[in-house]
Every structure is written in structure tokens, then in C-alpha cells.
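See structure below.
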Amino acid sequence: EKKMKMKKTKTTTTMENNTNEHEKQRKERSRGTTTIKRKRNSSVICKATTNAFQNNHFVFSAEAQATGGGATKLWSGNPNDVSLLAILRCIAFTLWTFSLAVPLFLTMCVIFPFCYFLDRTRRYALSFVNDVWAICSTSPFVKITVEGREHLPKQDEPAVYVANHASFMDIFSLFHLKRPFKFISKTSNFIIPIIGWSMFLTGHVPLKRTDRRSQMETLKICRETLQKNGSVLFFPEGTRSKDGTMAEFKKGAFSVAAKEKVPIVPITIVNAGGIMRNGKEWMLRKGEIKVIVHPRIEASENADELCQKSENVIKEALVNNS
């Protein structure tokens with residue numbers, strides 16, 4: 001009986017071992033099948049990703065060839081390329097500009113009450129701080145030259161300045177004229193910390209482009225400024241050019257000049273878009289910006305004529321210097 005029991009126990013143990021071995025083999029087979037499936041799926045995904053990359057690379061290359069650029073390079077003069085050094089220059093320029101703006105803004109805060117009560121229209125002292133900020137900001141990075149400075153009106157002489165608009169650098173360049181004009185800018189620019197607040201203190205004019213009432217109020221402020229022997233600056237295109245091509249001038253600035261019977265001072269800004277292209281404000285390239293002041297166009301009641309003359313003069317200089 002003892003022998004029989006021992007045989008039964010051994011048999012049971014053997015069967016359990018065999019069962020466990022079969023279970024292990026089944027699990028290993030299922031794991032192997034899953035691994036194979038995963039490998040197959042991974043290979044399919046890799047192939048799809050590779051094909052998509054190749055297709056996108058082909059499209060990108062085609063677009064780059066069509067636009068004459070588009071490559072990423074350490075340095076490139078092609079405005080369509082992405083230049084790493086231009087990005088670094090822009091970062092340095094931004095940090096330098098804001099580092100200058102902070103102490104100058106504090107100075108403006110001290111000066112503002114005196115200007116507001118003694119020189120509310122022109123605000124010479126505040127405009128002078130603007131000029132110092134722009135000149136000191138740009139000097140280490142961009143060469144800006146002014147031609148025709150003799151054509152500028154006196155500081156206390158009312159005039160309407162008009163210029164082409166292709167870059168964020170246009171305002172920096174126009175401050176090199178050292179004239180206390182008030183320029184029109186979209187309302188959102190006035191909420192930029194330090195710089196936007198400085199614009200408000202200096203008395204520049206905010207505008208909501210899509211709001212008709214705001215447009216009329218802006219023109220009213222400009223007329224009042226001219227009546228008090230101040231000067232105003234307009235970009236008659238209405239916004240920055242996307243590709244550097246000058247757009248058709250709008251008549252608002254010239255209507256103001258015609259009604260107030262003040263001269264127009266046409267100004268051509270050359271190569272600002274080449275230094276910092278519209279839509280690519282994160283790159284600052286090397287080069288020179290030229291600001292050309294043309295002889296004034298005397299006062300006239302014909303706004304259309306003033307508009308046409310100014311547009312022709314600015315466009316001709318832009319073509320001749322491009």
C-alpha cells in the first residue's frame with residue numbers, strides 16, 4: 001500500500017510538472033507572437049514616417065527653390081533663409097533695447113508732469129528721450145544714415161511726415177531725424193511694457209484699425225496737434241508691407257494736411273525690410289538703413305494731388321536705391 005501511494009504521488013507530481021511546462025510554453029509562444037506583431041507594427045510605422053518625411057522634405061525643398069531660399073544657415077544674406085547669427089543678433093538687440101528703455105522710462109516718468117503742463121503738444125524733452133533711446137539701441141547693431149536733413153522743417157513748424165512702411169525698424173530709423181512728431185500706432189502697441197508706456201507718455205496716437213470711430217478720432221487728434229504747431233507722422237500704406245513692395249497710399253494723412261494747410265514731408269526708408277523682415281522679427285541681419293528726406297510738398301487743398309505726388313516721390317527713391 002505504501003508503494004502504491006508513493007507511485008500515485010509521483011504520478012500526480014509528474015502530471016503537475018508537465019502541466020506547468022505546457023503552460024510556460026504556451027505563454028512563451030503568445031509572448032513571441034505579440035513581439036513579432038509589435039515589430040511588424042513598428043516597421044510599418046517607421047516606413048510610414050520615413051515616407052512622410054521624404055514627402056515633406058520634397059515639398060519644403062520645392063518651396064525653398066521657388067522662393068530662392070528657405071534653408072537654415074549659420075549666416076545668410078537671403079531674407080528667405082533662416083540665419084542662426086541673425087537670431088542671436090536679434091536676441092542681443094532686444095535685451096539691449098529693453099535694458100536701455102528701463103532707466104530712460106524712469107527718466108520720462110519724472111519729466112512727464114512738467115511736459116504735460118508746460119509743453120503738452122510737442123513734449124520736446126520726452127521726444128528727446130525717445131531719440132536717445134532709438135539711436136543708442138540701433139548704433140551697435142545697424143548703421144542708419146539720414147540723407148536730405150536740410151529738407152526737414154524746424155522743430156516748432158507744423159508738418160505732416162509720410163513714409164513707406166516695411167519693417168519694425170522703421171520707427172527706430174525715423175527717430176534719427178530728431179524731430180518731435182507724433183506717430184500713429186495700433187492700440188495693442190501701447191500695452192507693451194516700458195516701450196508702449198513710453199509711447200503713451202510722449203503723446204503718440206493710438207488707433208484701432210477696424211474701428212471707424214477710432215479712425216475718425218485719430219484724425220481729429222492729428223488735426224488738433226497741427227493746429228497747436230505740432231507735427232504728425234503717417235504711414236499711408238496703413239500697415240507694414242509683407243514682401244517689401246510698397247502698397248498704394250491711403251488718403252487720410254493728405255486730407256489732414258489739406259484741411260490744416262500744412263506741408264507734406266515725404267520720407268523714403270531704404271532696406272529696413274532687409275535688416276528685419278516683416279513676419280520675421282526674430283532675426284536681425286547686418287546692413288545699412290538709409291532714411292531719405294525729400295523736399296517738402298507745399299500745402300494744397302487737393303488731397304488727391306498731395307497723395308499722388310508723395311507716393312511717386314517715395315516710390316521712385318525706393319526703386320533707385322534698391
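A note on labels: chains of the C-alpha cells are A, B, ... as shown, every chain counts residues from 1, and ligands are counted from 1 in their shown order.
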
Problem - Polymer residues at most 7 Å from region 236-246 of chain A, only C-alpha atoms, same-chain spacing of 6 or more positions, as a PyMOL selection string - result: chain A and resi 162+164-167+253+273+278

Exercise for the section: Just the residues within 8 Å of Gly274 (chain A), please, counting only C-alpha atoms, with nothing from its chain fewer than 3 positions along; format it as a ChimeraX atom specification. Expected result: /A:79,271,277,285,287

Could you pull the residues within 12 Å of Ala125 (chain A), counting only C-alpha atoms, minus those fewer than 5 positions along the same chain, as a PDB file with N, CA and C atoms, in the first residue's frame?
```pdb
ATOM      1  N   LEU A 104      15.571 104.927 -18.971  1.00  0.00           N
ATOM      2  CA  LEU A 104      15.044 106.076 -19.712  1.00  0.00           C
ATOM      3  C   LEU A 104      13.556 106.277 -19.424  1.00  0.00           C
ATOM      4  N   THR A 107      13.227 108.071 -16.256  1.00  0.00           N
ATOM      5  CA  THR A 107      13.510 109.495 -16.507  1.00  0.00           C
ATOM      6  C   THR A 107      12.288 110.196 -17.089  1.00  0.00           C
ATOM      7  N   MET A 108      11.607 109.513 -18.009  1.00  0.00           N
ATOM      8  CA  MET A 108      10.407 110.089 -18.618  1.00  0.00           C
ATOM      9  C   MET A 108       9.300 110.293 -17.594  1.00  0.00           C
ATOM     10  N   CYS A 109       9.192 109.363 -16.653  1.00  0.00           N
ATOM     11  CA  CYS A 109       8.169 109.498 -15.612  1.00  0.00           C
ATOM     12  C   CYS A 109       8.388 110.752 -14.770  1.00  0.00           C
ATOM     13  N   VAL A 110       9.663 111.086 -14.552  1.00  0.00           N
ATOM     14  CA  VAL A 110       9.993 112.293 -13.786  1.00  0.00           C
ATOM     15  C   VAL A 110       9.700 113.542 -14.611  1.00  0.00           C
ATOM     16  N   ILE A 111      10.009 113.485 -15.909  1.00  0.00           N
ATOM     17  CA  ILE A 111       9.851 114.652 -16.789  1.00  0.00           C
ATOM     18  C   ILE A 111       8.388 114.903 -17.157  1.00  0.00           C
ATOM     19  N   PHE A 112       7.606 113.839 -17.236  1.00  0.00           N
ATOM     20  CA  PHE A 112       6.257 113.925 -17.789  1.00  0.00           C
ATOM     21  C   PHE A 112       5.380 115.039 -17.192  1.00  0.00           C
ATOM     22  N   PRO A 113       5.281 115.191 -15.869  1.00  0.00           N
ATOM     23  CA  PRO A 113       4.396 116.240 -15.328  1.00  0.00           C
ATOM     24  C   PRO A 113       4.756 117.644 -15.827  1.00  0.00           C
ATOM     25  N   PHE A 114       6.058 117.930 -15.950  1.00  0.00           N
ATOM     26  CA  PHE A 114       6.485 119.244 -16.423  1.00  0.00           C
ATOM     27  C   PHE A 114       6.111 119.441 -17.893  1.00  0.00           C
ATOM     28  N   CYS A 115       6.324 118.390 -18.708  1.00  0.00           N
ATOM     29  CA  CYS A 115       5.974 118.482 -20.133  1.00  0.00           C
ATOM     30  C   CYS A 115       4.462 118.617 -20.328  1.00  0.00           C
ATOM     31  N   TYR A 116       3.713 117.888 -19.514  1.00  0.00           N
ATOM     32  CA  TYR A 116       2.262 117.878 -19.696  1.00  0.00           C
ATOM     33  C   TYR A 116       1.666 119.263 -19.450  1.00  0.00           C
ATOM     34  N   LEU A 118       3.567 122.254 -19.334  1.00  0.00           N
ATOM     35  CA  LEU A 118       4.287 123.345 -19.989  1.00  0.00           C
ATOM     36  C   LEU A 118       4.431 123.165 -21.496  1.00  0.00           C
ATOM     37  N   ASP A 119       4.382 121.928 -21.978  1.00  0.00           N
ATOM     38  CA  ASP A 119       4.591 121.676 -23.415  1.00  0.00           C
ATOM     39  C   ASP A 119       3.770 120.457 -23.832  1.00  0.00           C
ATOM     40  N   ARG A 120       2.455 120.565 -23.661  1.00  0.00           N
ATOM     41  CA  ARG A 120       1.583 119.409 -23.812  1.00  0.00           C
ATOM     42  C   ARG A 120       1.537 118.867 -25.230  1.00  0.00           C
ATOM     43  N   ASN A 130      13.120 109.741 -26.422  1.00  0.00           N
ATOM     44  CA  ASN A 130      12.832 108.748 -27.466  1.00  0.00           C
ATOM     45  C   ASN A 130      13.971 108.645 -28.469  1.00  0.00           C
ATOM     46  N   ASP A 131      14.465 109.812 -28.895  1.00  0.00           N
ATOM     47  CA  ASP A 131      15.558 109.854 -29.881  1.00  0.00           C
ATOM     48  C   ASP A 131      16.827 109.203 -29.322  1.00  0.00           C
ATOM     49  N   VAL A 132      17.146 109.535 -28.072  1.00  0.00           N
ATOM     50  CA  VAL A 132      18.344 108.957 -27.438  1.00  0.00           C
ATOM     51  C   VAL A 132      18.217 107.444 -27.358  1.00  0.00           C
ATOM     52  N   LYS A 178      15.354 113.236 -35.327  1.00  0.00           N
ATOM     53  CA  LYS A 178      15.384 114.143 -34.168  1.00  0.00           C
ATOM     54  C   LYS A 178      14.353 115.275 -34.310  1.00  0.00           C
ATOM     55  N   ARG A 179      13.122 114.869 -34.587  1.00  0.00           N
ATOM     56  CA  ARG A 179      12.000 115.800 -34.673  1.00  0.00           C
ATOM     57  C   ARG A 179      10.874 115.314 -33.770  1.00  0.00           C
ATOM     58  N   PRO A 180      10.188 116.223 -33.059  1.00  0.00           N
ATOM     59  CA  PRO A 180       9.175 115.809 -32.076  1.00  0.00           C
ATOM     60  C   PRO A 180       7.806 115.514 -32.691  1.00  0.00           C
ATOM     61  N   LEU A 201       3.359 108.242 -22.829  1.00  0.00           N
ATOM     62  CA  LEU A 201       3.850 109.454 -22.178  1.00  0.00           C
ATOM     63  C   LEU A 201       4.270 110.508 -23.199  1.00  0.00           C
ATOM     64  N   THR A 202       4.827 110.065 -24.328  1.00  0.00           N
ATOM     65  CA  THR A 202       5.295 111.002 -25.353  1.00  0.00           C
ATOM     66  C   THR A 202       4.143 111.626 -26.125  1.00  0.00           C
ATOM     67  N   GLY A 203       2.974 110.995 -26.082  1.00  0.00           N
ATOM     68  CA  GLY A 203       1.812 111.570 -26.746  1.00  0.00           C
ATOM     69  C   GLY A 203       1.541 111.034 -28.133  1.00  0.00           C
TER      70      GLY A 203
END
```

Practice task
Name the residues in contact with Phe234 (chain A) at a cut-off of 12 Å, using only C-alpha atoms, excluding same-chain residues fewer than 3 positions from it; report them as a PyMOL selection string.
Solution key: chain A and resi 159-165+170-171+174+181-185+204-205+207+218-219+222+231+237-239+249-257+264-267+307+310

Handout entry: CA of Thr138 (chain A) to CA of Phe172 (chain A), straight-line distance in Å
Key =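 So the answer is 7.4 Å.
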
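Residue nearest Ser300 (chain A) within the list A:Ile191, A:Glu217, A:Leu177, A:Ala258: A:Ala258 [criterion: smallest interatomic distance, only C-alpha atoms].
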
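Residues in contact range of Asp156 (chain A), defined as at most 7 Å between only C-alpha atoms, with sequence neighbours fewer than 2 positions away removed, read A:Lys154, A:Pro158, A:Asn229, A:Gly230.
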
Practice task
Counting only C-alpha atoms, figure out which residue out of A:Val232, A:Ile269, A:Val102, A:Val293 gets nearest to Ser322 (chain A).
Solution key: A:Ile269

Handout entry: Shell of 12 Å around region 187-189 of chain A, only C-alpha atoms, local chain residues under 2 positions omitted, as a ChimeraX atom specification
Key = /A:168,184-185,191-200,204-211,214-215,218

May I have the selected residues written with C-alpha atoms, as a short mmCIF file (atom, residue, chain, number, x, y, z; two decimals), in the first residue's frame?
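Just written: result-v9.cif:
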```
data_model
loop_
_atom_site.label_atom_id
_atom_site.label_comp_id
_atom_site.auth_asym_id
_atom_site.auth_seq_id
_atom_site.Cartn_x
_atom_site.Cartn_y
_atom_site.Cartn_z
CA PHE A 168 9.60 97.07 -37.29
CA ILE A 184 0.05 106.76 -35.23
CA SER A 185 0.30 103.20 -33.95
CA ILE A 191 0.35 97.95 -23.78
CA ILE A 192 3.88 96.65 -24.43
CA PRO A 193 5.71 97.03 -21.09
CA ILE A 194 8.06 100.02 -20.86
CA ILE A 195 8.15 100.79 -24.62
CA GLY A 196 4.38 101.08 -25.05
CA TRP A 197 4.10 103.10 -21.86
CA SER A 198 6.82 105.43 -23.15
CA MET A 199 4.79 105.93 -26.33
CA PHE A 200 1.80 106.96 -24.21
CA HIS A 204 1.80 109.26 -29.76
CA VAL A 205 -1.63 108.48 -31.15
CA PRO A 206 -3.36 105.08 -30.68
CA LEU A 207 -5.54 103.63 -33.43
CA LYS A 208 -7.95 100.69 -33.67
CA ARG A 209 -7.65 99.82 -37.34
CA THR A 210 -11.01 98.10 -37.70
CA ASP A 211 -12.95 100.70 -35.72
CA SER A 214 -11.34 105.25 -33.67
CA GLN A 215 -10.10 106.24 -37.12
CA THR A 218 -7.29 109.69 -34.60
#
```

Exercise for the section: Would you list, as an MDAnalysis selection string, the residues of region 137-266 of chain A that end up in strand (DSSP E) under DSSP run on this structure's backbone? Expected result: chainID A and resid 143:147 160:163 181:186 205:207 231:234 264:266

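Rounded to one decimal, CA of Ile135 (chain A) and CA of Trp96 (chain A) lie 12.0 Å from each other.
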
Problem - Between CA of Val142 (chain A) and CA of Ser83 (chain A) - distance in Å to one decimal - result: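 Calculated distance between CA of Ser83 (chain A) and CA of Val142 (chain A) is 16.4 Å.
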